[in-house]
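Since the structure comes first, as structure tokens, the remarks are kept for the end.
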Amino acid sequence: MMAIIPATWDMYDMLQAVIQAPTYHLIFEALLIILIVKLVFSKAYAPDKTILTEKEKDELIEEWKPEPLVPDTPDDHPLLRSMENNIITGRPDKIMTINGKSVINMASMNFLGMLGDESIEVAAQKALSKYGVGSCGPRGFYGTMDVHLELEDRLAKFMQAEEAILYSYGFATIASAIPAYSKRGDVIFVDEGVCFAIQKGLVASRSVIKYFKHNDMADLERLCLEQQKEDKKLPKKAKVTRRFLVVEGLYAKHGDICPLPKLVELKWKYKLRIFIEESFSFGVLGDNGRGVTEHFNIKLDEVDLVAACLENAVGGAGGFCCGKKYIVDHQRLSGLGYCFSASLPPMLASGAIQSLNIIENDQSLFSRLHQKSEKIHKELSKIEGMRVMGDKVAPIKHLSLAEPSDDRSLDNRTIEKITQEASQAFGALAILILLWECLNFAMERGLALTPARYLEHEEHQLPPPSIRIAVNVKLTEDEIAKCMDIIADSCHAVLGKS
């Protein structure tokens, strides 16, 4: 009983506290008590229901117009016309057949000419007879076959990494790898020129994304210094925040190479984790085709993760990641594209293994590819009114409109005026149509080219419209000379009459 009723001296203290309390405090407490009593005993507010007649319902339905599912696309859009009109029959090798016409192929990313190799086809056919067409299951659910493990082992040894993990879809490789490691609250520094697959991985990670200017190391360091200042203000948060740096080895949109030595320097200086997407540098850069790390003679251990697809130089499908064992193994549990997609068809895995055999047995492939890339770069640079973008040794080039030099051989209207007037009238689409005329002109003369294509309303940043040119190591000197003449004639013929 004494525990419930306060002692006399306790009651006295309570009364003294009430008497000595400020008047405004007592008034506030009284109002608070009144408000609580009112909320407890008052009835819930229920707005009057508006009952519509059938006629009113029909009128509202007729007036309602749904938002379009997708923006309107003109039926004569050049990309749509291209897909409908340029149909390939047979292999897309160095020489391919489009609409029944034989043309030289400088559109496909068949850098090492693997698409036309008979030994790869034989290996794929043997695997097809043994395993069938597909796996019908993810790697963790009876989708793992011995040929998958063999390819992962071969890729790890080729890249001189501890382990590799195989994906069945090239786009999903880096798009799955990024969110497997970087989560909400983490910070990712990323080059603004990265491909769309990386951008989707960034969105899926829900991390804080900080873009720096393309290949601008000063701008990257500026962002790192800003992050340091933020970390000092919130030291507890900084301790649990991970920081990543995502770049491409060879940029698909620009054709240039990332400055890896400086990136590694900044990695150690600001405690970053580097992820490199090497879909266009794997099997291309370096004396042995190991990519941008070999190109700069930097140990793979300096990089936390390398991702690449097998759809370009290897001439297959799918992709892989490689690095330290504990890093790669994490993707087997967290990489969405690995865990929830059917595994790579065994015949494609066998074809990729044979491609690696060819790469390892013929190291002259890369020196010849680099020489031909440099030659083509030099010839493209001579075309009046056009600008070639990309590194000299890169097998992917972008040819875009540029200001002509003082010594013009074109018509009175300069490329600068064409670009300006086209942009004012129709934007990038008009420039793209102009480039398409160049492509059609080249196609008529036996050369297949393609424009660089992007998702205009979804990409972070779009480069200028361009013609994308892919170098094939199997091109002969005569074929290269013919292609360069056709491209130069096409540009002059179309731009000269514009």
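For the structure tokens, the naming scheme is as follows: chains receive sequential letters (A, B, ...) according to their order of presentation, residues are indexed from 1 within each chain, and ligands are indexed from 1 in presentation order.
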
Practice prompt. Tell me, as a list in words, which residues lie within 10 Å of Gly390 (chain A), counting only C-alpha atoms; anything in the same chain fewer than 3 positions away does not count.
Written response: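 Here the qualifying residues turn out to be Leu250, Tyr251, Ala252, Lys253, His254, Gly255, Asp256, Ile257, His377, Arg387, Val393, Ala394, Pro395, Ile396, Lys397, His398 and Leu399 of chain A.
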
Could the residues in this selection be saved with C-alpha atoms as an mmCIF file, in the first residue's frame?
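Resulting contents of selection_20.cif:
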data_model
loop_
_atom_site.group_PDB
_atom_site.id
_atom_site.type_symbol
_atom_site.label_atom_id
_atom_site.label_comp_id
_atom_site.auth_asym_id
_atom_site.auth_seq_id
_atom_site.Cartn_x
_atom_site.Cartn_y
_atom_site.Cartn_z
ATOM 1 C CA LEU A 250 38.118 1.476 -73.079
ATOM 2 C CA TYR A 251 35.069 3.723 -73.287
ATOM 3 C CA ALA A 252 32.438 2.515 -75.724
ATOM 4 C CA LYS A 253 30.990 6.010 -76.200
ATOM 5 C CA HIS A 254 34.308 7.772 -76.786
ATOM 6 C CA GLY A 255 36.824 5.151 -77.869
ATOM 7 C CA ASP A 256 39.481 6.430 -75.463
ATOM 8 C CA ILE A 257 41.308 4.676 -72.618
ATOM 9 C CA HIS A 377 42.749 6.315 -87.137
ATOM 10 C CA ARG A 387 36.479 14.539 -86.369
ATOM 11 C CA VAL A 393 45.296 1.859 -80.740
ATOM 12 C CA ALA A 394 41.604 1.374 -79.908
ATOM 13 C CA PRO A 395 39.668 -0.751 -82.442
ATOM 14 C CA ILE A 396 36.503 1.277 -81.863
ATOM 15 C CA LYS A 397 36.335 4.746 -83.465
ATOM 16 C CA HIS A 398 33.697 7.474 -83.548
ATOM 17 C CA LEU A 399 33.468 9.754 -86.570
#

Discussion item. Env of region 323-326 of chain A: 10 Å cut, atoms = only C-alpha atoms, seq-sep filter 4 positions within chain, self excluded. Answer as a list in words.
Written reply: Ala156, Met159, Gln160, Ala161, Glu162, Glu163, Ala164, Ile165, Leu300, Asp301, Glu302, Val303, Asp304, Leu305, Val306, Ala307, His330 and Gln331 of chain A

Restricted to all heavy atoms, what would the selected residues look like written as a CSV table (one decimal), in the first residue's frame?
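again_31.csv was written with the following content:
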chain,number,residue,atom,x,y,z
A,156,ALA,N,40.1,-17.0,-65.3
A,156,ALA,CA,40.9,-16.6,-64.1
A,156,ALA,C,42.4,-16.7,-64.4
A,156,ALA,O,43.2,-15.8,-64.1
A,156,ALA,CB,40.5,-17.4,-62.9
A,159,MET,N,43.5,-14.0,-67.0
A,159,MET,CA,43.6,-12.7,-66.4
A,159,MET,C,44.5,-12.6,-65.2
A,159,MET,O,44.7,-11.5,-64.7
A,159,MET,CB,42.2,-12.2,-66.0
A,159,MET,CG,41.2,-12.0,-67.2
A,159,MET,SD,41.7,-10.6,-68.2
A,159,MET,CE,41.5,-9.2,-67.2
A,160,GLN,N,45.1,-13.7,-64.9
A,160,GLN,CA,46.0,-13.8,-63.7
A,160,GLN,C,45.3,-13.3,-62.5
A,160,GLN,O,45.9,-12.6,-61.7
A,160,GLN,CB,47.3,-13.0,-64.0
A,160,GLN,CG,48.1,-13.5,-65.2
A,160,GLN,CD,49.3,-12.7,-65.6
A,160,GLN,OE1,49.4,-11.6,-65.1
A,160,GLN,NE2,50.2,-13.3,-66.4
A,161,ALA,N,44.1,-13.8,-62.3
A,161,ALA,CA,43.3,-13.5,-61.1
A,161,ALA,C,43.1,-14.7,-60.3
A,161,ALA,O,43.3,-15.9,-60.8
A,161,ALA,CB,42.0,-12.9,-61.5
A,162,GLU,N,42.6,-14.6,-59.0
A,162,GLU,CA,42.4,-15.7,-58.2
A,162,GLU,C,41.2,-16.5,-58.6
A,162,GLU,O,41.1,-17.7,-58.6
A,162,GLU,CB,42.2,-15.3,-56.7
A,162,GLU,CG,43.5,-14.8,-56.1
A,162,GLU,CD,43.3,-14.5,-54.6
A,162,GLU,OE1,42.2,-14.7,-54.1
A,162,GLU,OE2,44.2,-13.9,-54.0
A,163,GLU,N,40.1,-15.8,-59.1
A,163,GLU,CA,38.9,-16.5,-59.4
A,163,GLU,C,38.1,-15.6,-60.4
A,163,GLU,O,38.3,-14.4,-60.5
A,163,GLU,CB,38.0,-16.7,-58.2
A,163,GLU,CG,36.9,-17.7,-58.4
A,163,GLU,CD,36.3,-18.2,-57.1
A,163,GLU,OE1,37.0,-18.3,-56.1
A,163,GLU,OE2,35.1,-18.6,-57.2
A,164,ALA,N,37.2,-16.3,-61.2
A,164,ALA,CA,36.3,-15.6,-62.1
A,164,ALA,C,34.9,-16.2,-62.0
A,164,ALA,O,34.8,-17.3,-61.6
A,164,ALA,CB,36.8,-15.8,-63.6
A,165,ILE,N,34.0,-15.4,-62.3
A,165,ILE,CA,32.6,-15.8,-62.2
A,165,ILE,C,31.9,-15.5,-63.6
A,165,ILE,O,32.1,-14.4,-64.1
A,165,ILE,CB,31.8,-15.1,-61.1
A,165,ILE,CG1,30.4,-15.6,-61.0
A,165,ILE,CG2,31.9,-13.6,-61.2
A,165,ILE,CD1,29.6,-15.1,-59.7
A,300,LEU,N,47.0,-6.7,-61.5
A,300,LEU,CA,45.6,-6.8,-61.3
A,300,LEU,C,45.2,-6.6,-59.9
A,300,LEU,O,44.0,-6.2,-59.6
A,300,LEU,CB,45.1,-8.1,-61.9
A,300,LEU,CG,43.6,-8.3,-62.0
A,300,LEU,CD1,43.0,-7.4,-63.1
A,300,LEU,CD2,43.2,-9.7,-62.4
A,301,ASP,N,46.1,-6.9,-59.0
A,301,ASP,CA,45.8,-6.7,-57.5
A,301,ASP,C,45.5,-5.3,-57.2
A,301,ASP,O,44.9,-5.0,-56.1
A,301,ASP,CB,46.9,-7.3,-56.7
A,301,ASP,CG,47.0,-8.8,-56.7
A,301,ASP,OD1,46.1,-9.4,-57.2
A,301,ASP,OD2,48.1,-9.3,-56.4
A,302,GLU,N,46.0,-4.4,-58.0
A,302,GLU,CA,45.7,-2.9,-57.7
A,302,GLU,C,44.3,-2.6,-58.0
A,302,GLU,O,43.8,-1.5,-57.6
A,302,GLU,CB,46.6,-2.1,-58.6
A,302,GLU,CG,48.1,-2.3,-58.4
A,302,GLU,CD,48.6,-1.5,-57.2
A,302,GLU,OE1,47.9,-0.8,-56.6
A,302,GLU,OE2,49.9,-1.6,-56.9
A,303,VAL,N,43.6,-3.4,-58.7
A,303,VAL,CA,42.2,-3.2,-59.0
A,303,VAL,C,41.3,-4.2,-58.2
A,303,VAL,O,41.6,-5.3,-58.1
A,303,VAL,CB,41.9,-3.4,-60.6
A,303,VAL,CG1,40.4,-3.2,-60.9
A,303,VAL,CG2,42.8,-2.4,-61.3
A,304,ASP,N,40.2,-3.7,-57.7
A,304,ASP,CA,39.3,-4.5,-56.9
A,304,ASP,C,38.5,-5.5,-57.7
A,304,ASP,O,38.3,-6.6,-57.2
A,304,ASP,CB,38.5,-3.7,-56.0
A,304,ASP,CG,39.3,-2.9,-55.0
A,304,ASP,OD1,39.6,-3.4,-53.9
A,304,ASP,OD2,39.6,-1.7,-55.3
A,305,LEU,N,38.0,-5.1,-58.8
A,305,LEU,CA,37.1,-5.9,-59.6
A,305,LEU,C,37.2,-5.6,-61.1
A,305,LEU,O,37.2,-4.4,-61.4
A,305,LEU,CB,35.7,-5.9,-59.2
A,305,LEU,CG,34.7,-6.9,-59.8
A,305,LEU,CD1,34.9,-8.2,-59.2
A,305,LEU,CD2,33.3,-6.4,-59.6
A,306,VAL,N,37.3,-6.6,-62.0
A,306,VAL,CA,37.3,-6.4,-63.4
A,306,VAL,C,36.1,-7.1,-64.0
A,306,VAL,O,35.9,-8.3,-63.6
A,306,VAL,CB,38.6,-6.9,-64.1
A,306,VAL,CG1,38.4,-7.0,-65.6
A,306,VAL,CG2,39.8,-6.0,-63.8
A,307,ALA,N,35.3,-6.4,-64.7
A,307,ALA,CA,34.1,-7.0,-65.4
A,307,ALA,C,34.2,-6.8,-66.9
A,307,ALA,O,34.7,-5.8,-67.4
A,307,ALA,CB,32.8,-6.4,-64.9
A,330,HIS,N,31.4,-13.5,-53.4
A,330,HIS,CA,30.2,-12.8,-52.9
A,330,HIS,C,29.2,-12.6,-54.0
A,330,HIS,O,28.0,-12.6,-53.7
A,330,HIS,CB,30.7,-11.4,-52.4
A,330,HIS,CG,29.6,-10.5,-51.9
A,330,HIS,ND1,28.9,-10.8,-50.7
A,330,HIS,CD2,29.0,-9.4,-52.5
A,330,HIS,CE1,28.0,-9.9,-50.6
A,330,HIS,NE2,28.0,-9.0,-51.6
A,331,GLN,N,29.6,-12.6,-55.2
A,331,GLN,CA,28.6,-12.4,-56.3
A,331,GLN,C,27.8,-13.7,-56.5
A,331,GLN,O,26.6,-13.7,-57.0
A,331,GLN,CB,29.3,-12.1,-57.6
A,331,GLN,CG,29.8,-10.7,-57.7
A,331,GLN,CD,30.4,-10.3,-59.0
A,331,GLN,OE1,29.7,-10.4,-60.0
A,331,GLN,NE2,31.7,-10.0,-59.0

Fill in: Close residues, Gly137 (chain A) itself excluded, 9 Å, only C-alpha atoms, min 5 positions apart in chain, as an MDAnalysis selection string
chainID A and resid 142:144 340:343

Would you output that residue set with C-alpha atoms, as a short mmCIF file (atom, residue, chain, number, x, y, z; two decimals), in the first residue's frame?
data_model
loop_
_atom_site.label_atom_id
_atom_site.label_comp_id
_atom_site.auth_asym_id
_atom_site.auth_seq_id
_atom_site.Cartn_x
_atom_site.Cartn_y
_atom_site.Cartn_z
CA TYR A 142 21.08 -27.34 -61.55
CA GLY A 143 22.36 -24.90 -64.17
CA THR A 144 26.07 -25.41 -63.50
CA PHE A 340 18.32 -15.57 -61.22
CA SER A 341 19.26 -16.03 -64.89
CA ALA A 342 19.65 -19.33 -66.72
CA SER A 343 23.31 -20.17 -67.11
#

Worksheet entry | alpha helix (DSSP H) call set, DSSP backbone run, region 88-152 of chain A, as a ChimeraX atom specification | /A:118-131,146-152

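Take the candidates A:Ile95, A:Ala172, A:Leu60, A:Leu245 and check each one against Arg273 (chain A) using only C-alpha atoms; the shortest distance goes to A:Leu245.
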
Write out as a PDB file with N, CA, C and O atoms, in the first residue's frame the residues lying within 12 Å of Ser381 (chain A), counting only C-alpha atoms and excluding same-chain residues fewer than 3 positions away.
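selection-v9.pdb was written with the following content:
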ATOM      1  N   GLU A 374      45.690   1.924 -85.612  1.00  0.00           N
ATOM      2  CA  GLU A 374      46.431   3.181 -85.778  1.00  0.00           C
ATOM      3  C   GLU A 374      46.367   3.670 -87.221  1.00  0.00           C
ATOM      4  O   GLU A 374      46.211   4.874 -87.465  1.00  0.00           O
ATOM      5  N   LYS A 375      46.469   2.756 -88.158  1.00  0.00           N
ATOM      6  CA  LYS A 375      46.408   3.138 -89.575  1.00  0.00           C
ATOM      7  C   LYS A 375      45.043   3.729 -89.928  1.00  0.00           C
ATOM      8  O   LYS A 375      44.954   4.769 -90.600  1.00  0.00           O
ATOM      9  N   ILE A 376      43.987   3.064 -89.465  1.00  0.00           N
ATOM     10  CA  ILE A 376      42.630   3.547 -89.747  1.00  0.00           C
ATOM     11  C   ILE A 376      42.391   4.889 -89.067  1.00  0.00           C
ATOM     12  O   ILE A 376      41.767   5.791 -89.643  1.00  0.00           O
ATOM     13  N   HIS A 377      42.888   5.035 -87.849  1.00  0.00           N
ATOM     14  CA  HIS A 377      42.749   6.315 -87.137  1.00  0.00           C
ATOM     15  C   HIS A 377      43.411   7.448 -87.922  1.00  0.00           C
ATOM     16  O   HIS A 377      42.852   8.543 -88.057  1.00  0.00           O
ATOM     17  N   LYS A 378      44.586   7.173 -88.433  1.00  0.00           N
ATOM     18  CA  LYS A 378      45.322   8.178 -89.202  1.00  0.00           C
ATOM     19  C   LYS A 378      44.563   8.562 -90.469  1.00  0.00           C
ATOM     20  O   LYS A 378      44.468   9.754 -90.813  1.00  0.00           O
ATOM     21  N   GLU A 384      38.117  15.645 -94.438  1.00  0.00           N
ATOM     22  CA  GLU A 384      37.775  17.053 -94.242  1.00  0.00           C
ATOM     23  C   GLU A 384      36.373  17.180 -93.647  1.00  0.00           C
ATOM     24  O   GLU A 384      35.420  16.538 -94.090  1.00  0.00           O
ATOM     25  N   GLY A 385      36.269  18.008 -92.611  1.00  0.00           N
ATOM     26  CA  GLY A 385      34.960  18.268 -92.013  1.00  0.00           C
ATOM     27  C   GLY A 385      34.503  17.249 -91.001  1.00  0.00           C
ATOM     28  O   GLY A 385      33.406  17.375 -90.459  1.00  0.00           O
ATOM     29  N   MET A 386      35.326  16.249 -90.736  1.00  0.00           N
ATOM     30  CA  MET A 386      34.949  15.217 -89.771  1.00  0.00           C
ATOM     31  C   MET A 386      36.001  15.139 -88.667  1.00  0.00           C
ATOM     32  O   MET A 386      37.164  15.496 -88.875  1.00  0.00           O
ATOM     33  N   ARG A 387      35.592  14.673 -87.517  1.00  0.00           N
ATOM     34  CA  ARG A 387      36.479  14.539 -86.369  1.00  0.00           C
ATOM     35  C   ARG A 387      36.441  13.096 -85.887  1.00  0.00           C
ATOM     36  O   ARG A 387      35.363  12.546 -85.650  1.00  0.00           O
ATOM     37  N   VAL A 388      37.595  12.479 -85.750  1.00  0.00           N
ATOM     38  CA  VAL A 388      37.660  11.103 -85.260  1.00  0.00           C
ATOM     39  C   VAL A 388      37.954  11.124 -83.771  1.00  0.00           C
ATOM     40  O   VAL A 388      38.874  11.794 -83.309  1.00  0.00           O
ATOM     41  N   MET A 389      37.135  10.425 -83.012  1.00  0.00           N
ATOM     42  CA  MET A 389      37.298  10.357 -81.566  1.00  0.00           C
ATOM     43  C   MET A 389      37.785   8.969 -81.182  1.00  0.00           C
ATOM     44  O   MET A 389      37.369   7.968 -81.764  1.00  0.00           O
ATOM     45  N   GLY A 390      38.647   8.917 -80.185  1.00  0.00           N
ATOM     46  CA  GLY A 390      39.138   7.635 -79.704  1.00  0.00           C
ATOM     47  C   GLY A 390      40.651   7.573 -79.694  1.00  0.00           C
ATOM     48  O   GLY A 390      41.337   8.373 -80.331  1.00  0.00           O
ATOM     49  N   ASP A 391      41.186   6.611 -78.950  1.00  0.00           N
ATOM     50  CA  ASP A 391      42.624   6.400 -78.893  1.00  0.00           C
ATOM     51  C   ASP A 391      43.104   5.747 -80.182  1.00  0.00           C
ATOM     52  O   ASP A 391      42.382   4.975 -80.814  1.00  0.00           O
ATOM     53  N   LYS A 392      44.323   6.028 -80.564  1.00  0.00           N
ATOM     54  CA  LYS A 392      44.856   5.502 -81.822  1.00  0.00           C
ATOM     55  C   LYS A 392      44.858   3.977 -81.864  1.00  0.00           C
ATOM     56  O   LYS A 392      44.574   3.377 -82.905  1.00  0.00           O
ATOM     57  N   LYS A 397      36.171   3.323 -83.123  1.00  0.00           N
ATOM     58  CA  LYS A 397      36.335   4.746 -83.465  1.00  0.00           C
ATOM     59  C   LYS A 397      34.957   5.398 -83.603  1.00  0.00           C
ATOM     60  O   LYS A 397      33.977   4.730 -83.939  1.00  0.00           O
ATOM     61  N   HIS A 398      34.918   6.692 -83.335  1.00  0.00           N
ATOM     62  CA  HIS A 398      33.697   7.474 -83.548  1.00  0.00           C
ATOM     63  C   HIS A 398      34.022   8.623 -84.487  1.00  0.00           C
ATOM     64  O   HIS A 398      34.940   9.410 -84.228  1.00  0.00           O
ATOM     65  N   LEU A 399      33.272   8.712 -85.568  1.00  0.00           N
ATOM     66  CA  LEU A 399      33.468   9.754 -86.570  1.00  0.00           C
ATOM     67  C   LEU A 399      32.281  10.700 -86.499  1.00  0.00           C
ATOM     68  O   LEU A 399      31.138  10.302 -86.762  1.00  0.00           O
ATOM     69  N   SER A 400      32.542  11.946 -86.124  1.00  0.00           N
ATOM     70  CA  SER A 400      31.462  12.909 -85.947  1.00  0.00           C
ATOM     71  C   SER A 400      31.739  14.175 -86.742  1.00  0.00           C
ATOM     72  O   SER A 400      32.845  14.394 -87.245  1.00  0.00           O
ATOM     73  N   LEU A 401      30.733  15.029 -86.841  1.00  0.00           N
ATOM     74  CA  LEU A 401      30.883  16.290 -87.543  1.00  0.00           C
ATOM     75  C   LEU A 401      31.814  17.211 -86.766  1.00  0.00           C
ATOM     76  O   LEU A 401      31.837  17.219 -85.549  1.00  0.00           O
ATOM     77  N   ALA A 402      32.578  18.009 -87.485  1.00  0.00           N
ATOM     78  CA  ALA A 402      33.516  18.936 -86.843  1.00  0.00           C
ATOM     79  C   ALA A 402      33.678  20.160 -87.719  1.00  0.00           C
ATOM     80  O   ALA A 402      33.268  20.190 -88.875  1.00  0.00           O
ATOM     81  N   PRO A 404      35.523  22.430 -90.209  1.00  0.00           N
ATOM     82  CA  PRO A 404      36.558  22.155 -91.197  1.00  0.00           C
ATOM     83  C   PRO A 404      37.752  23.087 -91.043  1.00  0.00           C
ATOM     84  O   PRO A 404      37.662  24.126 -90.401  1.00  0.00           O
ATOM     85  N   SER A 405      38.848  22.722 -91.615  1.00  0.00           N
ATOM     86  CA  SER A 405      40.035  23.586 -91.589  1.00  0.00           C
ATOM     87  C   SER A 405      39.870  24.713 -92.613  1.00  0.00           C
ATOM     88  O   SER A 405      38.886  24.782 -93.333  1.00  0.00           O
ATOM     89  N   MET A 484      38.499   3.187 -96.352  1.00  0.00           N
ATOM     90  CA  MET A 484      38.783   4.592 -96.055  1.00  0.00           C
ATOM     91  C   MET A 484      38.369   5.497 -97.215  1.00  0.00           C
ATOM     92  O   MET A 484      37.854   6.604 -97.010  1.00  0.00           O
ATOM     93  N   ILE A 487      34.519   5.808 -97.074  1.00  0.00           N
ATOM     94  CA  ILE A 487      34.073   6.692 -95.991  1.00  0.00           C
ATOM     95  C   ILE A 487      34.329   8.156 -96.355  1.00  0.00           C
ATOM     96  O   ILE A 487      33.459   9.022 -96.178  1.00  0.00           O
ATOM     97  N   ALA A 488      35.507   8.444 -96.882  1.00  0.00           N
ATOM     98  CA  ALA A 488      35.830   9.825 -97.269  1.00  0.00           C
ATOM     99  C   ALA A 488      34.899  10.314 -98.375  1.00  0.00           C
ATOM    100  O   ALA A 488      34.375  11.442 -98.309  1.00  0.00           O
TER     101      ALA A 488
END

Discussion item. Need to verify the contact set: Asp489 (chain A), 9 Å, only C-alpha atoms, exclusion of same-chain residues closer than 5 positions in sequence. Can you return it as an MDAnalysis selection string?
Written reply: chainID A and resid 438 441:442 484 494

Discussion item. So that I can check the surroundings of Leu475 (chain A), please list as a ChimeraX atom specification every protein, DNA and RNA residue that reaches within 10 Å of it, counting only C-alpha atoms and ignoring chain neighbours fewer than 6 positions away.
Written reply: /A:94-95,104-106,113,369,372,481,483

Restricted to all heavy atoms, what would the selected residues look like written as a PDB file, in the first residue's frame?
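So part-v1.pdb came out as:
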ATOM      1  N   LYS A  94      33.997 -10.706 -91.430  1.00  0.00           N
ATOM      2  CA  LYS A  94      34.648  -9.577 -92.104  1.00  0.00           C
ATOM      3  C   LYS A  94      33.898  -9.190 -93.369  1.00  0.00           C
ATOM      4  O   LYS A  94      33.706  -8.000 -93.659  1.00  0.00           O
ATOM      5  CB  LYS A  94      36.100  -9.940 -92.436  1.00  0.00           C
ATOM      6  CG  LYS A  94      36.859  -8.847 -93.157  1.00  0.00           C
ATOM      7  CD  LYS A  94      38.251  -9.309 -93.538  1.00  0.00           C
ATOM      8  CE  LYS A  94      38.211 -10.307 -94.693  1.00  0.00           C
ATOM      9  NZ  LYS A  94      39.567 -10.590 -95.225  1.00  0.00           N
ATOM     10  N   ILE A  95      33.478 -10.167 -94.125  1.00  0.00           N
ATOM     11  CA  ILE A  95      32.606  -9.943 -95.285  1.00  0.00           C
ATOM     12  C   ILE A  95      31.256 -10.582 -94.953  1.00  0.00           C
ATOM     13  O   ILE A  95      31.194 -11.745 -94.571  1.00  0.00           O
ATOM     14  CB  ILE A  95      33.177 -10.601 -96.564  1.00  0.00           C
ATOM     15  CG1 ILE A  95      34.606 -10.100 -96.828  1.00  0.00           C
ATOM     16  CG2 ILE A  95      32.276 -10.298 -97.754  1.00  0.00           C
ATOM     17  CD1 ILE A  95      34.729  -8.627 -97.114  1.00  0.00           C
ATOM     18  N   ILE A 104      31.786  -5.223 -96.952  1.00  0.00           N
ATOM     19  CA  ILE A 104      32.809  -5.292 -95.905  1.00  0.00           C
ATOM     20  C   ILE A 104      32.183  -4.816 -94.600  1.00  0.00           C
ATOM     21  O   ILE A 104      31.487  -3.808 -94.563  1.00  0.00           O
ATOM     22  CB  ILE A 104      34.024  -4.415 -96.265  1.00  0.00           C
ATOM     23  CG1 ILE A 104      34.669  -4.897 -97.566  1.00  0.00           C
ATOM     24  CG2 ILE A 104      35.054  -4.444 -95.133  1.00  0.00           C
ATOM     25  CD1 ILE A 104      35.798  -3.996 -98.038  1.00  0.00           C
ATOM     26  N   ASN A 105      32.432  -5.550 -93.536  1.00  0.00           N
ATOM     27  CA  ASN A 105      31.785  -5.281 -92.259  1.00  0.00           C
ATOM     28  C   ASN A 105      32.719  -4.495 -91.322  1.00  0.00           C
ATOM     29  O   ASN A 105      33.687  -5.030 -90.799  1.00  0.00           O
ATOM     30  CB  ASN A 105      31.395  -6.620 -91.602  1.00  0.00           C
ATOM     31  CG  ASN A 105      30.696  -6.423 -90.270  1.00  0.00           C
ATOM     32  OD1 ASN A 105      30.351  -5.313 -89.884  1.00  0.00           O
ATOM     33  ND2 ASN A 105      30.475  -7.522 -89.562  1.00  0.00           N
ATOM     34  N   MET A 106      32.399  -3.214 -91.122  1.00  0.00           N
ATOM     35  CA  MET A 106      33.085  -2.409 -90.110  1.00  0.00           C
ATOM     36  C   MET A 106      32.082  -1.896 -89.087  1.00  0.00           C
ATOM     37  O   MET A 106      32.277  -0.841 -88.470  1.00  0.00           O
ATOM     38  CB  MET A 106      33.836  -1.235 -90.750  1.00  0.00           C
ATOM     39  CG  MET A 106      35.013  -1.656 -91.622  1.00  0.00           C
ATOM     40  SD  MET A 106      36.146  -0.291 -92.015  1.00  0.00           S
ATOM     41  CE  MET A 106      37.058  -0.135 -90.466  1.00  0.00           C
ATOM     42  N   GLY A 113      38.152 -11.208 -85.168  1.00  0.00           N
ATOM     43  CA  GLY A 113      37.689 -12.072 -86.251  1.00  0.00           C
ATOM     44  C   GLY A 113      37.250 -13.452 -85.796  1.00  0.00           C
ATOM     45  O   GLY A 113      37.272 -14.409 -86.588  1.00  0.00           O
ATOM     46  N   LEU A 369      46.321  -5.997 -84.577  1.00  0.00           N
ATOM     47  CA  LEU A 369      45.105  -5.207 -84.355  1.00  0.00           C
ATOM     48  C   LEU A 369      45.460  -3.758 -84.034  1.00  0.00           C
ATOM     49  O   LEU A 369      44.837  -2.830 -84.564  1.00  0.00           O
ATOM     50  CB  LEU A 369      44.285  -5.821 -83.212  1.00  0.00           C
ATOM     51  CG  LEU A 369      42.995  -5.085 -82.843  1.00  0.00           C
ATOM     52  CD1 LEU A 369      42.006  -5.106 -84.011  1.00  0.00           C
ATOM     53  CD2 LEU A 369      42.361  -5.692 -81.597  1.00  0.00           C
ATOM     54  N   LYS A 372      46.655  -1.917 -87.241  1.00  0.00           N
ATOM     55  CA  LYS A 372      45.565  -1.586 -88.158  1.00  0.00           C
ATOM     56  C   LYS A 372      44.662  -0.507 -87.568  1.00  0.00           C
ATOM     57  O   LYS A 372      44.139   0.355 -88.309  1.00  0.00           O
ATOM     58  CB  LYS A 372      44.778  -2.849 -88.486  1.00  0.00           C
ATOM     59  CG  LYS A 372      45.594  -3.817 -89.344  1.00  0.00           C
ATOM     60  CD  LYS A 372      44.867  -5.105 -89.643  1.00  0.00           C
ATOM     61  CE  LYS A 372      45.767  -6.020 -90.487  1.00  0.00           C
ATOM     62  NZ  LYS A 372      45.137  -7.295 -90.841  1.00  0.00           N
ATOM     63  N   ALA A 481      42.243   0.254 -97.271  1.00  0.00           N
ATOM     64  CA  ALA A 481      42.339   1.393 -98.187  1.00  0.00           C
ATOM     65  C   ALA A 481      41.005   1.640 -98.881  1.00  0.00           C
ATOM     66  O   ALA A 481      40.560   2.795 -99.027  1.00  0.00           O
ATOM     67  CB  ALA A 481      43.444   1.145 -99.205  1.00  0.00           C
ATOM     68  N   CYS A 483      37.985   0.806 -97.775  1.00  0.00           N
ATOM     69  CA  CYS A 483      37.021   1.307 -96.787  1.00  0.00           C
ATOM     70  C   CYS A 483      37.240   2.790 -96.498  1.00  0.00           C
ATOM     71  O   CYS A 483      36.277   3.565 -96.408  1.00  0.00           O
ATOM     72  CB  CYS A 483      37.134   0.510 -95.491  1.00  0.00           C
ATOM     73  SG  CYS A 483      36.605  -1.217 -95.624  1.00  0.00           S
TER      74      CYS A 483
END

Item to complete: Provide the CA of Ser168 (chain A) to CA of Ala107 (chain A) distance in Å, to one decimal place.
Response: 23.5 Å

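Distance annotation: of A:Leu348, A:Ile486, A:Gln354, A:Asp362, the residue with the minimal separation from Glu118 (chain A) is A:Gln354; atom set is only C-alpha atoms.
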
Item to complete: Calculate how many Å separate CA of Phe189 (chain A) from CA of Lys232 (chain A), rounding to one decimal.
Response: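 These two atoms are separated by 18.4 Å.
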